[in-house]
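Visitor: Input structure: upload07.cif, which contains mmCIF, C-alpha atoms (C1' of nucleotides).
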data_coords
#
loop_
_atom_site.label_atom_id
_atom_site.label_comp_id
_atom_site.auth_asym_id
_atom_site.auth_seq_id
_atom_site.Cartn_x
_atom_site.Cartn_y
_atom_site.Cartn_z
CA MET D 26 -37.11 -47.17 -22.51
CA SER D 27 -34.15 -46.60 -24.79
CA ASP D 28 -30.96 -46.11 -22.85
CA ARG D 29 -30.40 -42.47 -22.00
CA PRO D 30 -26.71 -41.87 -22.70
CA VAL D 31 -24.76 -40.56 -19.77
CA GLN D 32 -24.29 -37.44 -21.80
CA GLY D 33 -25.74 -36.68 -25.21
CA LEU D 34 -23.54 -37.03 -28.24
CA ARG D 35 -23.74 -33.31 -28.66
CA GLU D 36 -22.28 -32.68 -25.22
CA ARG D 37 -19.53 -35.17 -25.72
CA LYS D 38 -18.63 -33.69 -29.04
CA LYS D 39 -18.52 -30.23 -27.55
CA ALA D 40 -16.21 -31.31 -24.78
CA LYS D 41 -14.01 -33.05 -27.30
CA THR D 42 -13.82 -30.03 -29.57
CA ARG D 43 -13.03 -27.77 -26.64
CA ALA D 44 -10.27 -30.05 -25.44
CA LEU D 45 -8.85 -30.39 -28.92
CA ILE D 46 -8.71 -26.65 -29.47
CA GLN D 47 -6.95 -26.12 -26.16
CA LYS D 48 -4.50 -28.92 -26.79
CA GLU D 49 -3.53 -27.64 -30.22
CA ALA D 50 -3.24 -24.11 -28.86
CA LEU D 51 -0.86 -25.18 -26.11
CA ARG D 52 1.19 -27.16 -28.58
CA LEU D 53 1.54 -24.20 -30.91
CA PHE D 54 2.35 -21.85 -28.02
CA ARG D 55 5.08 -24.19 -26.90
CA GLU D 56 6.48 -24.70 -30.37
CA GLN D 57 6.45 -21.20 -31.76
CA GLY D 58 5.57 -18.87 -28.90
CA TYR D 59 2.41 -17.25 -27.69
CA ALA D 60 2.48 -13.93 -29.51
CA GLU D 61 3.68 -15.63 -32.68
CA THR D 62 0.66 -17.91 -32.74
CA THR D 63 -2.49 -16.45 -34.25
CA VAL D 64 -5.97 -17.61 -33.43
CA GLU D 65 -6.35 -18.46 -37.08
CA GLN D 66 -3.50 -20.94 -36.84
CA ILE D 67 -5.04 -22.52 -33.79
CA ALA D 68 -8.35 -22.86 -35.59
CA GLU D 69 -6.64 -24.43 -38.56
CA ALA D 70 -4.73 -26.89 -36.41
CA ALA D 71 -7.91 -27.91 -34.61
CA GLU D 72 -9.82 -27.97 -37.89
CA VAL D 73 -12.49 -25.52 -36.83
CA ALA D 74 -13.38 -21.99 -37.85
CA PRO D 75 -11.75 -19.09 -36.01
CA SER D 76 -15.14 -17.97 -34.81
CA THR D 77 -15.62 -21.37 -33.23
CA VAL D 78 -12.53 -20.86 -31.13
CA PHE D 79 -14.09 -17.76 -29.67
CA ARG D 80 -17.31 -19.57 -29.01
CA TYR D 81 -15.44 -21.90 -26.70
CA PHE D 82 -12.94 -19.46 -25.21
CA ALA D 83 -13.69 -15.85 -24.50
CA SER D 84 -10.18 -14.80 -25.35
CA LYS D 85 -6.87 -16.10 -26.59
CA GLU D 86 -5.49 -15.93 -23.08
CA GLU D 87 -8.19 -18.13 -21.72
CA LEU D 88 -6.82 -20.99 -23.78
CA VAL D 89 -4.15 -21.45 -21.16
CA PHE D 90 -6.26 -21.53 -18.03
CA ILE D 91 -7.46 -24.22 -15.77
CA ASP D 92 -8.47 -23.52 -12.23
CA GLN D 93 -6.14 -25.56 -10.15
CA PHE D 94 -6.52 -23.64 -6.95
CA PRO D 95 -9.82 -24.97 -5.53
CA PRO D 96 -8.46 -28.40 -4.59
CA PHE D 97 -5.60 -26.74 -2.77
CA ALA D 98 -7.95 -24.42 -0.92
CA GLU D 99 -10.03 -27.38 0.20
CA ALA D 100 -7.00 -29.28 1.40
CA LEU D 101 -5.75 -26.25 3.26
CA ASN D 102 -9.12 -25.83 4.90
CA ALA D 103 -9.14 -29.44 5.96
CA ALA D 104 -5.63 -29.48 7.38
CA PRO D 105 -5.37 -30.30 11.12
CA ALA D 106 -6.09 -27.27 13.25
CA GLU D 107 -3.02 -27.59 15.41
CA LEU D 108 -0.61 -26.99 12.55
CA ASN D 109 0.87 -23.54 12.07
CA PRO D 110 0.24 -21.80 8.73
CA VAL D 111 3.37 -22.97 6.99
CA GLN D 112 2.93 -26.54 8.16
CA ALA D 113 -0.67 -26.48 7.02
CA VAL D 114 0.33 -25.25 3.58
CA ARG D 115 2.95 -27.96 3.31
CA VAL D 116 0.47 -30.66 4.22
CA ALA D 117 -2.10 -29.30 1.78
CA MET D 118 0.39 -29.15 -1.06
CA ARG D 119 1.60 -32.67 -0.47
CA GLU D 120 -1.95 -33.86 -0.47
CA VAL D 121 -2.77 -32.20 -3.76
CA THR D 122 0.31 -33.39 -5.61
CA ALA D 123 -0.17 -36.86 -4.18
CA GLY D 124 -3.57 -36.97 -5.82
CA GLN D 125 -2.14 -36.16 -9.22
CA THR D 126 -0.62 -38.40 -11.83
CA ALA D 127 2.84 -37.63 -13.17
CA GLU D 128 1.23 -36.52 -16.39
CA GLU D 129 -1.05 -34.08 -14.66
CA ILE D 130 1.87 -32.58 -12.84
CA ALA D 131 3.90 -32.26 -16.01
CA GLU D 132 1.00 -30.59 -17.74
CA GLY D 133 0.66 -28.20 -14.83
CA VAL D 134 4.32 -27.31 -15.02
CA GLU D 135 4.01 -26.63 -18.71
CA ARG D 136 1.12 -24.32 -18.06
CA GLU D 137 2.97 -22.50 -15.29
CA ARG D 138 5.98 -22.20 -17.51
CA LEU D 139 3.88 -20.47 -20.14
CA MET D 140 2.31 -18.23 -17.52
CA LEU D 141 5.60 -17.13 -16.05
CA THR D 142 7.27 -16.77 -19.40
CA VAL D 143 4.75 -14.96 -21.53
CA PRO D 144 3.95 -11.41 -20.45
CA GLU D 145 0.45 -11.48 -21.87
CA LEU D 146 -0.41 -14.52 -19.81
CA TRP D 147 1.25 -13.20 -16.75
CA ALA D 148 -1.20 -10.37 -17.17
CA ALA D 149 -4.19 -12.60 -17.39
CA SER D 150 -3.09 -14.41 -14.27
CA LEU D 151 -3.13 -11.23 -12.23
CA GLU D 152 -6.61 -11.96 -10.98
CA ASN D 153 -5.58 -15.52 -10.32
CA VAL D 154 -2.59 -14.48 -8.27
CA SER D 155 -4.21 -11.77 -6.20
CA GLY D 156 -7.32 -13.89 -5.83
CA THR D 157 -5.25 -16.81 -4.65
CA LEU D 158 -3.45 -14.59 -2.20
CA ARG D 159 -6.70 -13.28 -0.80
CA THR D 160 -8.27 -16.71 -0.50
CA MET D 161 -5.22 -18.11 1.20
CA GLN D 162 -5.19 -15.16 3.54
CA GLU D 163 -8.82 -15.80 4.44
CA ILE D 164 -8.26 -19.44 5.18
CA LEU D 165 -5.13 -18.84 7.22
CA ALA D 166 -6.87 -16.09 9.15
CA ARG D 167 -9.78 -18.33 10.04
CA ARG D 168 -7.46 -21.12 11.06
CA ALA D 169 -5.56 -18.79 13.34
CA GLY D 170 -8.68 -17.14 14.69
CA ARG D 171 -7.54 -13.75 13.44
CA ALA D 172 -9.13 -11.09 11.26
CA VAL D 173 -8.49 -11.29 7.53
CA SER D 174 -7.00 -7.84 7.65
CA ASP D 175 -4.52 -8.81 10.35
CA PRO D 176 -1.10 -7.60 9.16
CA GLU D 177 0.62 -10.64 10.59
CA ILE D 178 -1.56 -12.97 8.57
CA ARG D 179 -0.90 -10.86 5.52
CA ASN D 180 2.83 -11.05 6.11
CA ILE D 181 2.83 -14.79 6.54
CA THR D 182 0.74 -15.28 3.44
CA GLY D 183 3.04 -12.99 1.51
CA ALA D 184 6.15 -14.81 2.67
CA ILE D 185 4.74 -18.22 1.80
CA THR D 186 3.62 -17.07 -1.61
CA GLY D 187 6.93 -15.37 -2.26
CA VAL D 188 8.94 -18.43 -1.36
CA VAL D 189 6.79 -20.73 -3.46
CA PHE D 190 6.96 -18.30 -6.32
CA ALA D 191 10.74 -18.10 -6.15
CA VAL D 192 10.97 -21.87 -6.35
CA TRP D 193 8.62 -21.87 -9.32
CA LEU D 194 10.84 -19.45 -11.17
CA ASP D 195 13.74 -21.85 -10.70
CA TRP D 196 11.63 -24.83 -11.55
CA VAL D 197 10.42 -23.29 -14.76
CA LYS D 198 14.00 -22.68 -15.82
CA ASP D 199 15.08 -26.19 -14.92
CA PRO D 200 12.23 -28.66 -15.52
CA VAL D 201 14.39 -31.57 -14.43
CA MET D 202 14.12 -30.40 -10.86
CA ASP D 203 11.62 -32.12 -8.57
CA GLY D 204 9.30 -29.17 -8.07
CA PRO D 205 7.00 -30.36 -5.32
CA ALA D 206 9.92 -31.65 -3.27
CA GLU D 207 11.80 -28.42 -3.68
CA VAL D 208 8.77 -26.37 -2.68
CA ASP D 209 8.42 -28.48 0.42
CA LYS D 210 12.05 -28.01 1.32
CA ALA D 211 11.79 -24.28 0.82
CA LEU D 212 8.75 -24.07 3.07
CA ALA D 213 10.59 -26.08 5.70
CA HIS D 214 13.34 -23.51 5.45
CA LEU D 215 10.82 -20.74 5.93
CA GLU D 216 9.30 -22.55 8.88
CA ALA D 217 12.72 -22.76 10.47
CA GLY D 218 13.03 -18.98 10.33
CA LEU D 219 14.97 -18.87 7.05
CA GLY D 220 18.21 -19.50 8.86
CA LEU D 221 18.94 -15.84 9.09
CA MET Q 20 32.06 33.58 -27.34
CA SER Q 21 28.35 33.06 -27.12
CA ASP Q 22 27.44 31.02 -24.14
CA ARG Q 23 27.16 27.32 -24.93
CA PRO Q 24 23.84 26.30 -23.37
CA VAL Q 25 24.06 23.45 -20.90
CA GLN Q 26 21.94 21.55 -23.33
CA GLY Q 27 20.80 22.60 -26.77
CA LEU Q 28 17.33 23.93 -27.20
CA ARG Q 29 16.51 20.83 -29.17
CA GLU Q 30 17.41 18.56 -26.30
CA ARG Q 31 15.45 20.54 -23.81
CA LYS Q 32 12.42 20.61 -26.03
CA LYS Q 33 12.61 16.89 -26.50
CA ALA Q 34 12.75 16.24 -22.79
CA LYS Q 35 9.85 18.57 -22.27
CA THR Q 36 7.72 16.89 -24.93
CA ARG Q 37 8.50 13.48 -23.55
CA ALA Q 38 7.56 14.50 -20.04
CA LEU Q 39 4.38 16.14 -21.22
CA ILE Q 40 3.24 13.08 -23.14
CA GLN Q 41 3.86 10.86 -20.16
CA LYS Q 42 2.13 13.21 -17.78
CA GLU Q 43 -0.97 13.45 -19.94
CA ALA Q 44 -1.01 9.71 -20.42
CA LEU Q 45 -0.91 9.02 -16.70
CA ARG Q 46 -3.65 11.55 -16.12
CA LEU Q 47 -5.90 9.94 -18.71
CA PHE Q 48 -5.14 6.45 -17.40
CA ARG Q 49 -6.10 7.56 -13.92
CA GLU Q 50 -9.23 9.35 -15.03
CA GLN Q 51 -10.71 6.90 -17.47
CA GLY Q 52 -8.71 3.71 -17.23
CA TYR Q 53 -5.82 2.25 -19.18
CA ALA Q 54 -7.59 0.15 -21.75
CA GLU Q 55 -10.18 2.85 -22.27
CA THR Q 56 -7.52 5.37 -23.21
CA THR Q 57 -6.32 5.27 -26.80
CA VAL Q 58 -2.96 6.49 -27.95
CA GLU Q 59 -4.79 8.94 -30.16
CA GLN Q 60 -6.37 10.54 -27.12
CA ILE Q 61 -3.00 10.82 -25.43
CA ALA Q 62 -1.55 12.44 -28.50
CA GLU Q 63 -4.40 14.87 -28.64
CA ALA Q 64 -4.08 15.76 -24.98
CA ALA Q 65 -0.35 16.37 -25.35
CA GLU Q 66 -0.92 18.20 -28.64
CA VAL Q 67 1.32 16.01 -30.73
CA ALA Q 68 0.74 13.51 -33.50
CA PRO Q 69 0.12 9.86 -32.57
CA SER Q 70 3.24 8.87 -34.42
CA THR Q 71 5.19 11.24 -32.23
CA VAL Q 72 4.06 9.36 -29.15
CA PHE Q 73 5.59 6.23 -30.58
CA ARG Q 74 8.77 8.03 -31.41
CA TYR Q 75 9.22 8.74 -27.72
CA PHE Q 76 7.80 5.55 -26.26
CA ALA Q 77 8.16 2.16 -27.89
CA SER Q 78 4.74 1.05 -26.68
CA LYS Q 79 1.72 2.23 -24.81
CA GLU Q 80 2.82 0.30 -21.76
CA GLU Q 81 6.14 2.07 -21.61
CA LEU Q 82 4.32 5.27 -20.82
CA VAL Q 83 4.02 4.09 -17.24
CA PHE Q 84 7.59 3.10 -16.52
CA ILE Q 85 10.42 4.67 -14.68
CA ASP Q 86 13.32 2.65 -13.41
CA GLN Q 87 13.22 3.08 -9.70
CA PHE Q 88 15.20 0.04 -8.78
CA PRO Q 89 18.81 1.13 -9.37
CA PRO Q 90 19.00 3.45 -6.35
CA PHE Q 91 17.69 0.66 -4.15
CA ALA Q 92 20.23 -1.77 -5.54
CA GLU Q 93 23.01 0.66 -4.81
CA ALA Q 94 21.85 1.22 -1.28
CA LEU Q 95 21.55 -2.49 -0.69
CA ASN Q 96 25.05 -2.99 -1.98
CA ALA Q 97 26.37 -0.33 0.31
CA ALA Q 98 24.65 -1.57 3.46
CA PRO Q 99 26.97 -2.60 6.32
CA ALA Q 100 28.29 -6.10 5.80
CA GLU Q 101 27.42 -7.35 9.25
CA LEU Q 102 23.67 -7.00 8.69
CA ASN Q 103 21.63 -10.04 7.77
CA PRO Q 104 19.68 -9.93 4.48
CA VAL Q 105 16.42 -8.66 5.92
CA GLN Q 106 18.13 -6.01 7.99
CA ALA Q 107 20.12 -4.90 4.97
CA VAL Q 108 16.96 -4.57 2.89
CA ARG Q 109 15.31 -2.55 5.63
CA VAL Q 110 18.23 -0.17 5.84
CA ALA Q 111 18.39 0.20 2.08
CA MET Q 112 14.69 0.92 1.80
CA ARG Q 113 14.77 3.51 4.54
CA GLU Q 114 17.65 5.18 2.84
CA VAL Q 115 15.88 5.36 -0.50
CA THR Q 116 12.61 6.71 0.83
CA ALA Q 117 14.48 9.17 3.01
CA GLY Q 118 16.02 10.62 -0.13
CA GLN Q 119 12.65 11.19 -1.74
CA THR Q 120 10.27 14.08 -1.41
CA ALA Q 121 6.67 13.41 -0.42
CA GLU Q 122 5.65 14.20 -3.97
CA GLU Q 123 8.03 11.65 -5.43
CA ILE Q 124 6.68 9.02 -3.12
CA ALA Q 125 3.09 9.85 -3.96
CA GLU Q 126 3.91 9.67 -7.64
CA GLY Q 127 5.53 6.31 -7.12
CA VAL Q 128 2.49 4.99 -5.32
CA GLU Q 129 0.28 6.16 -8.15
CA ARG Q 130 2.47 4.32 -10.63
CA GLU Q 131 2.49 1.17 -8.53
CA ARG Q 132 -1.25 1.38 -8.17
CA LEU Q 133 -1.62 1.42 -11.93
CA MET Q 134 0.82 -1.45 -12.27
CA LEU Q 135 -0.94 -3.64 -9.77
CA THR Q 136 -4.39 -2.73 -10.99
CA VAL Q 137 -4.15 -2.93 -14.74
CA PRO Q 138 -3.51 -6.37 -16.17
CA GLU Q 139 -1.72 -5.08 -19.23
CA LEU Q 140 0.76 -3.20 -17.10
CA TRP Q 141 1.18 -6.01 -14.69
CA ALA Q 142 2.29 -7.88 -17.77
CA ALA Q 143 4.81 -5.31 -18.77
CA SER Q 144 6.26 -5.34 -15.28
CA LEU Q 145 7.00 -9.04 -15.46
CA GLU Q 146 10.53 -8.37 -16.59
CA ASN Q 147 10.85 -5.71 -13.94
CA VAL Q 148 9.73 -8.06 -11.23
CA SER Q 149 11.76 -11.09 -12.19
CA GLY Q 150 14.71 -8.85 -13.00
CA THR Q 151 14.44 -7.20 -9.62
CA LEU Q 152 14.26 -10.56 -7.95
CA ARG Q 153 17.35 -11.76 -9.74
CA THR Q 154 19.33 -8.63 -9.00
CA MET Q 155 18.37 -8.72 -5.36
CA GLN Q 156 19.31 -12.37 -5.24
CA GLU Q 157 22.72 -11.59 -6.68
CA ILE Q 158 23.42 -8.84 -4.21
CA LEU Q 159 22.26 -10.86 -1.22
CA ALA Q 160 24.30 -13.83 -2.37
CA ARG Q 161 27.44 -11.77 -2.65
CA ARG Q 162 26.86 -10.20 0.74
CA ALA Q 163 26.45 -13.63 2.30
CA GLY Q 164 29.37 -15.11 0.40
CA ARG Q 165 27.12 -17.70 -1.18
CA ALA Q 166 26.46 -18.75 -4.76
CA VAL Q 167 23.64 -16.98 -6.59
CA SER Q 168 21.99 -20.30 -7.16
CA ASP Q 169 21.98 -21.14 -3.46
CA PRO Q 170 18.45 -22.25 -2.57
CA GLU Q 171 18.59 -20.55 0.79
CA ILE Q 172 19.36 -17.21 -0.78
CA ARG Q 173 16.56 -17.78 -3.23
CA ASN Q 174 14.15 -18.53 -0.42
CA ILE Q 175 15.09 -15.48 1.57
CA THR Q 176 14.80 -13.27 -1.48
CA GLY Q 177 11.42 -14.80 -2.26
CA ALA Q 178 10.14 -14.29 1.26
CA ILE Q 179 11.25 -10.67 1.38
CA THR Q 180 9.73 -9.92 -1.99
CA GLY Q 181 6.52 -11.70 -1.06
CA VAL Q 182 6.12 -9.78 2.16
CA VAL Q 183 6.83 -6.45 0.53
CA PHE Q 184 4.46 -7.29 -2.27
CA ALA Q 185 1.68 -8.20 0.13
CA VAL Q 186 2.05 -4.87 1.88
CA TRP Q 187 1.94 -3.10 -1.46
CA LEU Q 188 -1.33 -4.76 -2.31
CA ASP Q 189 -2.79 -3.38 0.90
CA TRP Q 190 -1.20 -0.01 0.39
CA VAL Q 191 -2.61 0.29 -3.09
CA LYS Q 192 -6.09 -0.36 -1.76
CA ASP Q 193 -5.68 2.10 1.07
CA PRO Q 194 -3.47 5.01 0.01
CA VAL Q 195 -3.88 6.69 3.37
CA MET Q 196 -1.62 4.10 4.91
CA ASP Q 197 2.01 4.98 5.56
CA GLY Q 198 3.52 2.59 3.07
CA PRO Q 199 7.23 2.77 3.87
CA ALA Q 200 6.56 2.44 7.59
CA GLU Q 201 4.30 -0.53 7.07
CA VAL Q 202 6.85 -2.24 4.84
CA ASP Q 203 9.45 -1.75 7.52
CA LYS Q 204 7.20 -3.21 10.19
CA ALA Q 205 6.40 -6.20 8.00
CA LEU Q 206 10.08 -6.86 7.38
CA ALA Q 207 10.72 -6.64 11.11
CA HIS Q 208 8.04 -9.26 11.54
CA LEU Q 209 9.75 -11.45 8.98
CA GLU Q 210 13.08 -10.93 10.67
CA ALA Q 211 11.55 -12.10 13.93
CA GLY Q 212 10.56 -15.37 12.31
CA LEU Q 213 7.01 -14.31 11.45
CA GLY Q 214 5.83 -15.15 14.93
CA LEU Q 215 4.74 -18.58 13.90
"C1'" DT J 18 -38.82 -40.26 -41.36
"C1'" DA J 19 -40.05 -35.39 -40.45
"C1'" DT J 20 -39.40 -31.57 -37.55
"C1'" DC J 21 -37.04 -28.75 -34.33
"C1'" DA J 22 -32.97 -26.87 -31.92
"C1'" DA J 23 -28.34 -26.14 -31.59
"C1'" DA J 24 -23.76 -25.68 -33.43
"C1'" DT J 25 -20.75 -24.56 -37.17
"C1'" DA J 26 -18.36 -22.53 -41.21
"C1'" DG J 27 -17.51 -18.77 -43.70
"C1'" DG J 28 -16.76 -14.29 -44.12
"C1'" DA J 29 -17.43 -9.48 -43.77
"C1'" DG J 30 -16.51 -5.86 -40.52
"C1'" DT J 31 -14.57 -3.17 -36.28
"C1'" DC J 32 -11.12 -1.50 -33.36
"C1'" DT J 33 -6.71 -0.09 -31.98
"C1'" DA J 34 -1.81 -0.61 -31.32
"C1'" DC J 35 1.90 0.08 -34.11
"C1'" DT J 36 4.74 1.03 -38.67
"C1'" DC J 37 6.29 3.68 -42.60
"C1'" DT J 38 6.81 7.44 -45.66
"C1'" DC J 39 7.34 12.07 -47.03
"C1'" DA J 40 7.15 16.75 -47.00
"C1'" DA J 41 7.21 20.78 -43.93
"C1'" DA J 42 8.96 23.11 -39.98
"C1'" DA J 43 12.24 24.02 -36.49
"C1'" DT J 44 16.88 24.23 -35.11
"C1'" DA J 45 21.87 24.00 -35.43
"C1'" DT J 46 26.07 25.59 -37.88
"C1'" DG J 47 29.29 28.35 -40.68
"C1'" DC N 16 22.01 34.75 -44.34
"C1'" DA N 17 22.53 30.00 -46.32
"C1'" DT N 18 22.87 25.32 -45.77
"C1'" DA N 19 22.54 20.91 -43.29
"C1'" DT N 20 20.36 18.13 -39.81
"C1'" DT N 21 16.53 16.82 -36.71
"C1'" DT N 22 12.11 16.61 -35.48
"C1'" DT N 23 7.51 16.76 -36.48
"C1'" DG N 24 2.64 16.28 -38.51
"C1'" DA N 25 -0.30 14.03 -41.38
"C1'" DG N 26 -1.98 10.18 -43.10
"C1'" DA N 27 -2.04 5.84 -45.34
"C1'" DG N 28 -1.34 1.06 -44.23
"C1'" DT N 29 -0.79 -3.50 -41.54
"C1'" DA N 30 -1.91 -7.03 -38.33
"C1'" DG N 31 -4.46 -9.54 -35.39
"C1'" DA N 32 -7.93 -10.08 -31.71
"C1'" DC N 33 -12.61 -10.09 -31.44
"C1'" DT N 34 -17.82 -9.47 -33.09
"C1'" DC N 35 -21.79 -10.36 -35.76
"C1'" DC N 36 -24.63 -12.32 -39.31
"C1'" DT N 37 -26.41 -16.01 -42.34
"C1'" DA N 38 -26.83 -20.22 -44.61
"C1'" DT N 39 -25.77 -24.94 -43.71
"C1'" DT N 40 -24.96 -28.83 -41.23
"C1'" DT N 41 -25.64 -31.96 -37.36
"C1'" DG N 42 -27.70 -34.00 -33.48
"C1'" DA N 43 -32.14 -34.54 -30.70
"C1'" DT N 44 -37.04 -35.88 -30.65
"C1'" DA N 45 -41.40 -38.07 -31.64
#
Have the structure of the file written as structure tokens, please.
Guide:
Amino acid sequence: MSDRPVQGLRERKKAKTRALIQKEALRLFREQGYAETTVEQIAEAAEVAPSTVFRYFASKEELVFIDQFPPFAEALNAAPAELNPVQAVRVAMREVTAGQTAEEIAEGVERERLMLTVPELWAASLENVSGTLRTMQEILARRAGRAVSDPEIRNITGAITGVVFAVWLDWVKDPVMDGPAEVDKALAHLEAGLGL
Amino acid sequence: MSDRPVQGLRERKKAKTRALIQKEALRLFREQGYAETTVEQIAEAAEVAPSTVFRYFASKEELVFIDQFPPFAEALNAAPAELNPVQAVRVAMREVTAGQTAEEIAEGVERERLMLTVPELWAASLENVSGTLRTMQEILARRAGRAVSDPEIRNITGAITGVVFAVWLDWVKDPVMDGPAEVDKALAHLEAGLGL
DNA sequence: TATCAAATAGGAGTCTACTCTCAAAATATG
DNA sequence: CATATTTTGAGAGTAGACTCCTATTTGATA
């Protein structure tokens, strides 16, 4: 009869510890650099043992990750069928960023900045990047009624990714910039044939 | 009046040792994987001391590199002024691959394959990639009489890079494919507005 | 409260890239 | 041939990510 807590104290504490470790890690990475931060320092800052850090995260690199792609994939899947690939991507992106608070976006930018800045992390994101590319290719192919291996689909996916990536590189260098808006503008430019 | 050798014996021996170390390293990487190959093994295979490996190469990652970009940059710079960016890139690429033997190309593919496959190397190529992007952006901007920071130039550069990259990913998975030809076709597709 | 299960601290230990030192060997030079 | 300079081998040493074990604590359960 006693109230069953939504989640045991143990679970809540675990989640809290995990979040704390990650938060402190990101802070230290930002303040003194990734390579310059040892796992021991992170453990100390989070007031846990180094071994505990590894119980929560398989590796130092993993401290930076959060899968942000799934929502985008869903939105892209759900975009109106009559839109061309670039239009669909634009719509999906707008939808995702619209569903995020300013804080969430800022946090995302910080994470991306780390990823694009720190070689080690760039490495860890290899699977992310190529996986993202493949997933996007699959979705776009299905939408267009083409095979996944269709070179044209591959080219379009590559171009979209390349353009978005180029904007990110600028964005990361100049955080004042309105990232989502700039990405949208760039995709519009691509859609218009890049004004060759 | 003894003949002055084109290059002292010392120099030649150095170059030879360096080449041998790199060759053995690449072989081992290919045969048993990058992470699975220790510097000690490389040293053993090349019949030198581990410390000697580090005297020639600053890090394990550096064993994979060769700057292949400069010739492309030159060719891009020299391309006829009336060509649009994509056309200029196509011409430059054709020129570069035309000046390479089949062996050189194959070796390049092998290197790229490693780069795109092994996370650690992908990391090391971060500077290469973003540096390449920036250089290309500079050249294209100058050719178009625009500022380097011009968003349109950035977008075009991003799209070209993205398309080429996407082809590479395919190429790496299927080495039978005629890479240069496929890249050229993809760029033609981009030039035509991606057939949206 | 008593018992059980899970999580943690603490620390010893491994692995490997990378550094440093020094003496020996190879090469250049007169 | 004699001397100076470079390059090398050998090995000890460092650092930091990551693993594994054990005693202790902490939360769940009845």
Visitor: Evaluate the PyMOL selection byres ((chain N) within 8 of (chain Q)) here and jot the selected residues down as a PyMOL selection string.
Guide: chain N and resi 23-25
Visitor: Just C-alpha atoms (C1' of nucleotides) for this one: save the residues we selected as a compact mmCIF listing (two decimals), in the frame of the given file.
Guide:
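Final output, saved to result_8.txt:
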# COMPACT_ATOMS: atom_id res chain seq x y z
C1' DT N 23 7.51 16.76 -36.48
C1' DG N 24 2.64 16.28 -38.51
C1' DA N 25 -0.30 14.03 -41.38
Visitor: Mind telling me what the PyMOL selection byres ((chain J) within 12 of (chain Q)) catches here, as a list of chain:residue names?
Guide: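 Checking the PyMOL selection byres ((chain J) within 12 of (chain Q)) against this file, the residues are J:DC32, J:DT33, J:DA34, J:DC35, J:DT36, J:DC37, J:DT38, J:DA43, J:DT44, J:DA45.
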Visitor: For the atom pair atom CA of Q:Glu122 and atom CA of Q:Arg74, what is the interatomic distance in Å to one decimal place?
Guide: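 Pair atom CA of Q:Glu122 / atom CA of Q:Arg74 returns 28.3 Å.
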Visitor: Might you spell out which residues the PyMOL selection byres ((chain N and resi 36-39) around 9) would select in the displayed file, as a ChimeraX atom specification?
Guide: /J:25-26,29 /N:35,40
Visitor: Would you work out the distance separating atom CA of Q:Asp193 from atom CA of Q:Leu45, expressed in Å to one decimal?
Guide: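 Calculated distance between atom CA of Q:Asp193 and atom CA of Q:Leu45 is 19.7 Å.
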Visitor: Could you check how far atom CA of Q:Phe48 sits from atom CA of Q:Leu133, in Å to one decimal?
Guide: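 Atom CA of Q:Leu133 lies at a distance of 8.2 Å from atom CA of Q:Phe48.
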Visitor: Give as a ChimeraX atom specification each residue that has an atom at most 12 Å from (-38.7, -27.3, -36.1) in the file, counting all atoms listed in the file.
Guide: /J:19-23 /N:43-45
Visitor: Just the residues within 12 Å of D:Ile130, please, counting only C-alpha atoms (C1' of nucleotides), with nothing from its chain fewer than 5 positions along; format it as an NGL selection string.
Guide: :D and (93 or 121-125 or 135-137 or 200 or 203-205)
Visitor: Could you save the residues just selected, with C-alpha atoms, as a tab-separated table (two decimals), in the frame of the given file?
Guide:
chain	number	residue	atom	x	y	z
D	93	GLN	CA	-6.14	-25.56	-10.15
D	121	VAL	CA	-2.77	-32.20	-3.76
D	122	THR	CA	0.31	-33.39	-5.61
D	123	ALA	CA	-0.17	-36.86	-4.18
D	124	GLY	CA	-3.57	-36.97	-5.82
D	125	GLN	CA	-2.14	-36.16	-9.22
D	135	GLU	CA	4.01	-26.63	-18.71
D	136	ARG	CA	1.12	-24.32	-18.06
D	137	GLU	CA	2.97	-22.50	-15.29
D	200	PRO	CA	12.23	-28.66	-15.52
D	203	ASP	CA	11.62	-32.12	-8.57
D	204	GLY	CA	9.30	-29.17	-8.07
D	205	PRO	CA	7.00	-30.36	-5.32
Visitor: Under the rule that only C-alpha atoms (C1' of nucleotides) are counted, which of D:Glu61, D:Glu163, D:Glu56, D:Glu49 is the nearest residue to N:DA30?
Guide: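 When distances to N:DA30 are compared using only C-alpha atoms (C1' of nucleotides), the smallest one comes from D:Glu61.
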Visitor: For D:Thr62, find every residue with an atom within 12 Å (counting all atoms listed in the file), except residues of its own chain fewer than 3 positions away, and show them as a PyMOL selection string.
Guide: (chain D and resi 49-59+65-70+85-86) or (chain N and resi 31-32)
